[in-house]
Amino acid sequence: MTITIFITLFPVLNIISGEVQSYWEQPFAQPYFDNSTKREVTATVGQSALLHCRVRNLGDRAVSWIRKRDLHILTVGILTYTNDQRFQSLHTEGSDEWTLRITSPQPRDSGTYECQVSTEPKISQAFRLNVVVSKAKILGNSELFIKSGSDINLTCVALQSPAPPSFIYWYKGGRVVNYSQRGGISVLTERQTKTSKLVIARAMPSDSGNYTCSPSSSDSASVVVHVINGEQPAAMQHGNSSANSVLINNRSFSHRGHGPLDRWLAYLGGSKNLILSLASTGLCWLVKSISSPLGGSGR
C-alpha cells in the first residue's frame, strides 16, 4: 500500500502582534542607512576627500553616488559613470561601506552628494562637502625691523586646515632654516594647534631676509625681516598705534598727532640713514637722506 504525502510550501510567516507578515516584508530585511557616519566633511584643496556611506542589508541592490546640483550619476557600484576620473567608489567585498573618493578636490566641488540605494522606491542619504583653501599666516606685520643682538621671533598659523599639517617648514629665501648650521635657531611646531614658532637668537644683519612659513597642506606666507644697528628698533616693530616712531643716527624720536609729517621732518633735515616707521599704518620707509628742511630728496 502506497501512501502519498503532499507538502505545500508557503512563504515563511511570522506572527507579530497578531498580524501575519511575509518575511521579505519585515522592516529588518530592507536596506537601511547606518547613521553613524559623518555627514558633513571639510577637505583642503589638493587633499583627497572621502565621503563614507554605510548601508545595512543591501542584498542584491546597488549603491550609487549622485552629485545633487546637476543630478549627475558619478558611480554605480564600483564603476565610475563620469568622465571626471577624480571620482571613484571604494568598496571592500563583504563590507557595508561604500566610499566616494574625490582626488584633488577644488572649491567648485563643494556641495551636496547623495548616496542612493536602488530599492523601490529609492532611498538616499545626503552628504555635504566643503572644499577650502588652507592658508598660512605669520602673525604681525609683513615687514619687521629687529635690533641687532635681539631675537627674531616669528609665529605661523595654518588657517582653515581641517586636519593638523604633517609638517611646517621655515625658509629663508629658498633655504630651509629649521636645520640651519648657523646655530641659535629653534623651531617649535604644535600640530594640534596648527602653529609653528621660529626663534633666531642674537640676530645679526646677515639674518635679514625673506622668511617663509610653509605647512604641508596650506599656501605659504612670508615676512621680510631687517636686522639693523640701533638703540630702539623695538619701538618700530611694536610701536604704539597712536604714535609714529623714528630712528635717526641711533636716536629715537616720536611724533604724536595727525598733522602732516613733512613739516615735522623739516626739523630733521640733513640726517643720514633715516628709518621712519608709521605704526598706525604698518608702513616702513627707508629715507636715505633729506637734503634740506623744506624740499629735500628722500624715499
# chains A, B, ... in the order shown; residues from 1 in each chain; ligands from 1
>>> residues_around(residues="Pro205 in chain A", least_positions_apart="4", cutoff="7 Å", atoms="only C-alpha atoms", output="list in words")
Ser148, Val227 and Ile228 of chain A
>>> write_last_selection(atoms="N, CA, C and O atoms", output="PDB file, in the first residue's frame")
ATOM      1  N   SER A 148      69.893  94.483  16.085  1.00  0.00           N
ATOM      2  CA  SER A 148      70.985  93.521  16.081  1.00  0.00           C
ATOM      3  C   SER A 148      71.278  93.074  17.514  1.00  0.00           C
ATOM      4  O   SER A 148      71.391  93.896  18.421  1.00  0.00           O
ATOM      5  N   VAL A 227      67.419  93.299  10.036  1.00  0.00           N
ATOM      6  CA  VAL A 227      68.191  93.374  11.283  1.00  0.00           C
ATOM      7  C   VAL A 227      69.121  94.583  11.166  1.00  0.00           C
ATOM      8  O   VAL A 227      69.965  94.639  10.277  1.00  0.00           O
ATOM      9  N   ILE A 228      68.945  95.547  12.066  1.00  0.00           N
ATOM     10  CA  ILE A 228      69.663  96.809  11.956  1.00  0.00           C
ATOM     11  C   ILE A 228      70.389  97.125  13.255  1.00  0.00           C
ATOM     12  O   ILE A 228      70.079  96.574  14.318  1.00  0.00           O
TER      13      ILE A 228
END
>>> residues_around(residues="Asn57 in chain A", least_positions_apart="2", cutoff="9 Å", atoms="only C-alpha atoms", output="ChimeraX atom specification")
/A:28-32,55,59,96
>>> closest_residue(among="A:His91, A:Arg69, A:Arg56, A:Arg202", to="Asp109 in chain A", atoms="only C-alpha atoms")
A:Arg69
>>> residues_around(residues="Ile185 in chain A", least_positions_apart="6", cutoff="10 Å", atoms="only C-alpha atoms", output="PyMOL selection string")
chain A and resi 151-152+177-179+198-203
>>> write_last_selection(atoms="all heavy atoms", output="compact mmCIF listing (two decimals), in the first residue's frame")
# COMPACT_ATOMS: atom_id res chain seq x y z
N ASP A 151 66.37 88.88 19.54
CA ASP A 151 65.87 87.64 18.95
C ASP A 151 64.82 87.92 17.88
O ASP A 151 63.98 88.82 18.03
CB ASP A 151 65.24 86.74 20.02
CG ASP A 151 66.25 86.23 21.04
OD1 ASP A 151 67.47 86.37 20.76
OD2 ASP A 151 65.82 85.69 22.08
N ILE A 152 64.88 87.16 16.81
CA ILE A 152 63.81 87.16 15.82
C ILE A 152 62.80 86.10 16.25
O ILE A 152 63.15 84.93 16.43
CB ILE A 152 64.34 86.82 14.41
CG1 ILE A 152 65.36 87.87 13.97
CG2 ILE A 152 63.20 86.72 13.41
CD1 ILE A 152 66.04 87.54 12.65
N VAL A 177 65.41 76.78 7.09
CA VAL A 177 66.15 77.27 8.25
C VAL A 177 65.98 76.36 9.46
O VAL A 177 66.67 76.51 10.46
CB VAL A 177 65.71 78.70 8.64
CG1 VAL A 177 65.99 79.66 7.51
CG2 VAL A 177 64.24 78.72 9.03
N ASN A 178 65.05 75.41 9.40
CA ASN A 178 64.86 74.51 10.53
C ASN A 178 66.15 73.80 10.92
O ASN A 178 66.43 73.55 12.09
CB ASN A 178 63.80 73.44 10.21
CG ASN A 178 62.48 74.04 9.81
OD1 ASN A 178 62.45 74.94 8.98
ND2 ASN A 178 61.40 73.58 10.39
N TYR A 179 66.92 73.44 9.93
CA TYR A 179 68.12 72.67 10.17
C TYR A 179 69.37 73.44 9.77
O TYR A 179 70.37 72.87 9.35
CB TYR A 179 68.03 71.35 9.40
CG TYR A 179 66.71 70.65 9.62
CD1 TYR A 179 65.74 70.67 8.63
CD2 TYR A 179 66.43 70.02 10.83
CE1 TYR A 179 64.51 70.04 8.83
CE2 TYR A 179 65.21 69.40 11.04
CZ TYR A 179 64.26 69.41 10.04
OH TYR A 179 63.04 68.81 10.24
N LEU A 198 59.28 80.14 15.13
CA LEU A 198 60.69 80.20 14.76
C LEU A 198 61.37 81.27 15.59
O LEU A 198 60.93 82.42 15.61
CB LEU A 198 60.84 80.52 13.27
CG LEU A 198 62.25 80.86 12.79
CD1 LEU A 198 63.18 79.65 12.90
CD2 LEU A 198 62.22 81.39 11.36
N VAL A 199 62.43 80.88 16.30
CA VAL A 199 63.19 81.83 17.11
C VAL A 199 64.65 81.78 16.65
O VAL A 199 65.26 80.70 16.61
CB VAL A 199 63.10 81.53 18.62
CG1 VAL A 199 63.96 82.50 19.41
CG2 VAL A 199 61.65 81.60 19.08
N ILE A 200 65.18 82.94 16.30
CA ILE A 200 66.60 83.06 15.94
C ILE A 200 67.24 83.97 16.97
O ILE A 200 66.94 85.17 17.04
CB ILE A 200 66.78 83.63 14.53
CG1 ILE A 200 66.06 82.73 13.51
CG2 ILE A 200 68.25 83.78 14.18
CD1 ILE A 200 66.13 83.24 12.09
N ALA A 201 68.09 83.39 17.79
CA ALA A 201 68.70 84.14 18.90
C ALA A 201 69.84 85.03 18.40
O ALA A 201 70.55 84.69 17.45
CB ALA A 201 69.21 83.16 19.96
N ARG A 202 69.95 86.17 19.07
CA ARG A 202 71.06 87.11 18.81
C ARG A 202 71.20 87.40 17.32
O ARG A 202 72.20 87.08 16.68
CB ARG A 202 72.37 86.56 19.38
CG ARG A 202 72.33 86.35 20.89
CD ARG A 202 73.60 85.74 21.41
NE ARG A 202 73.87 84.42 20.81
CZ ARG A 202 73.29 83.30 21.18
NH1 ARG A 202 72.42 83.30 22.18
NH2 ARG A 202 73.61 82.17 20.59
N ALA A 203 70.16 88.01 16.78
CA ALA A 203 70.11 88.27 15.33
C ALA A 203 71.26 89.16 14.88
O ALA A 203 71.69 90.07 15.59
CB ALA A 203 68.78 88.92 14.98
>>> atom_distance(atom1="CA of Ser134 in chain A", atom2="CA of Phe167 in chain A")
13.9 Å
>>> atom_distance(atom1="CA of Asn229 in chain A", atom2="CA of Met204 in chain A")
9.0 Å
>>> closest_residue(among="A:Glu40, A:Glu114, A:Glu93, A:Glu120", to="Val76 in chain A", atoms="only C-alpha atoms")
A:Glu114
>>> atom_distance(atom1="CA of Thr112 in chain A", atom2="CA of Trp65 in chain A")
10.6 Å
>>> residues_around(residues="Lys172 in chain A", least_positions_apart="3", cutoff="9 Å", atoms="only C-alpha atoms", output="ChimeraX atom specification")
/A:175-177,207-212
>>> select_by_dssp(residues="range 90-253 of chain A", states="alpha helix (DSSP H)", output="ChimeraX atom specification")
/A:234-237
>>> write_last_selection(atoms="N, CA, C and O atoms", output="PDB file, in the first residue's frame")
ATOM      1  N   ALA A 234      62.870  98.200  18.619  1.00  0.00           N
ATOM      2  CA  ALA A 234      61.641  97.577  19.131  1.00  0.00           C
ATOM      3  C   ALA A 234      60.481  98.539  19.045  1.00  0.00           C
ATOM      4  O   ALA A 234      59.321  98.151  18.877  1.00  0.00           O
ATOM      5  N   ALA A 235      60.763  99.847  19.171  1.00  0.00           N
ATOM      6  CA  ALA A 235      59.692 100.824  19.055  1.00  0.00           C
ATOM      7  C   ALA A 235      59.111 100.822  17.664  1.00  0.00           C
ATOM      8  O   ALA A 235      57.937 101.124  17.466  1.00  0.00           O
ATOM      9  N   MET A 236      59.923 100.453  16.668  1.00  0.00           N
ATOM     10  CA  MET A 236      59.426 100.414  15.310  1.00  0.00           C
ATOM     11  C   MET A 236      58.630  99.137  15.048  1.00  0.00           C
ATOM     12  O   MET A 236      57.674  99.124  14.302  1.00  0.00           O
ATOM     13  N   GLN A 237      59.041  98.060  15.687  1.00  0.00           N
ATOM     14  CA  GLN A 237      58.346  96.791  15.457  1.00  0.00           C
ATOM     15  C   GLN A 237      57.067  96.701  16.265  1.00  0.00           C
ATOM     16  O   GLN A 237      56.068  96.179  15.804  1.00  0.00           O
TER      17      GLN A 237
END
>>> closest_residue(among="A:Arg67, A:Lys135, A:Lys122, A:Arg54", to="Phe87 in chain A", atoms="only C-alpha atoms")
A:Arg67
>>> residues_around(residues="Gln160 in chain A", least_positions_apart="3", cutoff="9 Å", atoms="only C-alpha atoms", output="MDAnalysis selection string")
chainID A and resid 44 132:136 163 218
>>> select_by_dssp(residues="range 22-108 of chain A", states="strand (DSSP E)", output="PyMOL selection string")
chain A and resi 22+32-33+40-44+49-56+63-67+72-76+79-80+87-90+97-102
>>> closest_residue(among="A:Leu50, A:Asp219, A:Glu97, A:Ser124", to="Ser36 in chain A", atoms="only C-alpha atoms")
A:Glu97
>>> residues_around(residues="range 128-131 of chain A", least_positions_apart="4", cutoff="8 Å", atoms="only C-alpha atoms", output="JSON list (two decimals) with all heavy atoms, in the first residue's frame")
[["chain", "number", "residue", "atom", "x", "y", "z"],
["A", 39, "ARG", "N", 28.33, 63.16, 8.17],
["A", 39, "ARG", "CA", 27.52, 63.64, 7.05],
["A", 39, "ARG", "C", 28.04, 64.95, 6.46],
["A", 39, "ARG", "O", 27.61, 65.35, 5.39],
["A", 39, "ARG", "CB", 26.07, 63.82, 7.51],
["A", 39, "ARG", "CG", 25.47, 62.56, 8.09],
["A", 39, "ARG", "CD", 25.06, 61.60, 7.00],
["A", 39, "ARG", "NE", 23.97, 62.17, 6.23],
["A", 39, "ARG", "CZ", 22.69, 62.16, 6.63],
["A", 39, "ARG", "NH1", 22.37, 61.60, 7.80],
["A", 39, "ARG", "NH2", 21.76, 62.69, 5.87],
["A", 40, "GLU", "N", 28.91, 65.65, 7.18],
["A", 40, "GLU", "CA", 29.50, 66.89, 6.66],
["A", 40, "GLU", "C", 31.01, 66.77, 6.75],
["A", 40, "GLU", "O", 31.56, 66.53, 7.81],
["A", 40, "GLU", "CB", 29.00, 68.11, 7.42],
["A", 40, "GLU", "CG", 29.51, 69.42, 6.84],
["A", 40, "GLU", "CD", 28.71, 70.62, 7.30],
["A", 40, "GLU", "OE1", 27.69, 70.44, 7.97],
["A", 40, "GLU", "OE2", 29.10, 71.76, 6.95],
["A", 41, "VAL", "N", 31.67, 66.95, 5.60],
["A", 41, "VAL", "CA", 33.10, 66.73, 5.50],
["A", 41, "VAL", "C", 33.77, 67.99, 4.96],
["A", 41, "VAL", "O", 33.26, 68.60, 4.00],
["A", 41, "VAL", "CB", 33.41, 65.54, 4.58],
["A", 41, "VAL", "CG1", 34.92, 65.38, 4.38],
["A", 41, "VAL", "CG2", 32.81, 64.25, 5.14],
["A", 42, "THR", "N", 34.88, 68.38, 5.57],
["A", 42, "THR", "CA", 35.67, 69.52, 5.08],
["A", 42, "THR", "C", 37.02, 69.00, 4.61],
["A", 42, "THR", "O", 37.69, 68.24, 5.31],
["A", 42, "THR", "CB", 35.88, 70.57, 6.18],
["A", 42, "THR", "OG1", 34.61, 71.07, 6.60],
["A", 42, "THR", "CG2", 36.72, 71.73, 5.67],
["A", 43, "ALA", "N", 37.40, 69.38, 3.40],
["A", 43, "ALA", "CA", 38.67, 68.95, 2.83],
["A", 43, "ALA", "C", 39.40, 70.17, 2.29],
["A", 43, "ALA", "O", 38.78, 71.19, 1.96],
["A", 43, "ALA", "CB", 38.45, 67.94, 1.71],
["A", 44, "THR", "N", 40.70, 70.09, 2.21],
["A", 44, "THR", "CA", 41.50, 71.18, 1.66],
["A", 44, "THR", "C", 41.81, 70.89, 0.20],
["A", 44, "THR", "O", 41.82, 69.74, -0.25],
["A", 44, "THR", "CB", 42.82, 71.35, 2.43],
["A", 44, "THR", "OG1", 43.51, 70.09, 2.46],
["A", 44, "THR", "CG2", 42.56, 71.81, 3.83],
["A", 45, "VAL", "N", 42.02, 71.96, -0.55],
["A", 45, "VAL", "CA", 42.35, 71.83, -1.96],
["A", 45, "VAL", "C", 43.58, 70.94, -2.13],
["A", 45, "VAL", "O", 44.59, 71.13, -1.45],
["A", 45, "VAL", "CB", 42.59, 73.22, -2.58],
["A", 45, "VAL", "CG1", 43.18, 73.10, -3.98],
["A", 45, "VAL", "CG2", 41.29, 74.01, -2.63],
["A", 105, "PRO", "N", 40.43, 67.61, -4.82],
["A", 105, "PRO", "CA", 39.20, 68.41, -4.89],
["A", 105, "PRO", "C", 39.51, 69.90, -5.02],
["A", 105, "PRO", "O", 40.54, 70.37, -4.54],
["A", 105, "PRO", "CB", 38.50, 68.09, -3.57],
["A", 105, "PRO", "CG", 39.60, 67.73, -2.64],
["A", 105, "PRO", "CD", 40.63, 67.02, -3.48],
["A", 106, "GLN", "N", 38.60, 70.61, -5.66],
["A", 106, "GLN", "CA", 38.69, 72.05, -5.84],
["A", 106, "GLN", "C", 37.47, 72.70, -5.19],
["A", 106, "GLN", "O", 36.47, 72.03, -4.95],
["A", 106, "GLN", "CB", 38.76, 72.40, -7.33],
["A", 106, "GLN", "CG", 39.94, 71.78, -8.06],
["A", 106, "GLN", "CD", 41.28, 72.23, -7.50],
["A", 106, "GLN", "OE1", 41.48, 73.42, -7.25],
["A", 106, "GLN", "NE2", 42.20, 71.28, -7.30],
["A", 107, "PRO", "N", 37.52, 74.01, -4.91],
["A", 107, "PRO", "CA", 36.36, 74.67, -4.30],
["A", 107, "PRO", "C", 35.07, 74.45, -5.08],
["A", 107, "PRO", "O", 33.98, 74.39, -4.49],
["A", 107, "PRO", "CB", 36.77, 76.15, -4.30],
["A", 107, "PRO", "CG", 38.26, 76.11, -4.17],
["A", 107, "PRO", "CD", 38.69, 74.93, -4.99],
["A", 108, "ARG", "N", 35.14, 74.31, -6.38],
["A", 108, "ARG", "CA", 33.93, 74.08, -7.19],
["A", 108, "ARG", "C", 33.28, 72.73, -6.89],
["A", 108, "ARG", "O", 32.12, 72.51, -7.25],
["A", 108, "ARG", "CB", 34.27, 74.16, -8.68],
["A", 108, "ARG", "CG", 35.16, 73.03, -9.19],
["A", 108, "ARG", "CD", 35.38, 73.09, -10.71],
["A", 108, "ARG", "NE", 36.16, 71.98, -11.21],
["A", 108, "ARG", "CZ", 37.47, 71.95, -11.26],
["A", 108, "ARG", "NH1", 38.17, 73.01, -10.84],
["A", 108, "ARG", "NH2", 38.12, 70.89, -11.74],
["A", 109, "ASP", "N", 34.01, 71.82, -6.25],
["A", 109, "ASP", "CA", 33.46, 70.51, -5.90],
["A", 109, "ASP", "C", 32.63, 70.57, -4.63],
["A", 109, "ASP", "O", 32.00, 69.56, -4.26],
["A", 109, "ASP", "CB", 34.58, 69.47, -5.74],
["A", 109, "ASP", "CG", 35.32, 69.20, -7.04],
["A", 109, "ASP", "OD1", 34.64, 69.06, -8.07],
["A", 109, "ASP", "OD2", 36.56, 69.15, -7.02],
["A", 110, "SER", "N", 32.62, 71.70, -3.94],
["A", 110, "SER", "CA", 31.81, 71.83, -2.74],
["A", 110, "SER", "C", 30.33, 71.68, -3.10],
["A", 110, "SER", "O", 29.88, 72.08, -4.17],
["A", 110, "SER", "CB", 32.03, 73.20, -2.08],
["A", 110, "SER", "OG", 33.37, 73.35, -1.67],
["A", 111, "GLY", "N", 29.59, 71.06, -2.19],
["A", 111, "GLY", "CA", 28.16, 70.88, -2.44],
["A", 111, "GLY", "C", 27.64, 69.61, -1.81],
["A", 111, "GLY", "O", 28.30, 68.98, -0.97],
["A", 112, "THR", "N", 26.45, 69.21, -2.22],
["A", 112, "THR", "CA", 25.78, 68.04, -1.66],
["A", 112, "THR", "C", 25.91, 66.84, -2.59],
["A", 112, "THR", "O", 25.72, 66.97, -3.80],
["A", 112, "THR", "CB", 24.29, 68.34, -1.41],
["A", 112, "THR", "OG1", 24.18, 69.45, -0.51],
["A", 112, "THR", "CG2", 23.58, 67.13, -0.79],
["A", 113, "TYR", "N", 26.24, 65.71, -2.01],
["A", 113, "TYR", "CA", 26.33, 64.44, -2.74],
["A", 113, "TYR", "C", 25.39, 63.44, -2.07],
["A", 113, "TYR", "O", 25.29, 63.41, -0.84],
["A", 113, "TYR", "CB", 27.77, 63.92, -2.74],
["A", 113, "TYR", "CG", 28.73, 64.81, -3.50],
["A", 113, "TYR", "CD1", 29.26, 65.95, -2.90],
["A", 113, "TYR", "CD2", 29.09, 64.51, -4.80],
["A", 113, "TYR", "CE1", 30.13, 66.79, -3.60],
["A", 113, "TYR", "CE2", 29.97, 65.34, -5.50],
["A", 113, "TYR", "CZ", 30.48, 66.47, -4.90],
["A", 113, "TYR", "OH", 31.34, 67.28, -5.59]]
>>> closest_residue(among="A:Ile73, A:Ile123, A:Ile78, A:Leu154", to="Gly140 in chain A", atoms="only C-alpha atoms")
A:Leu154
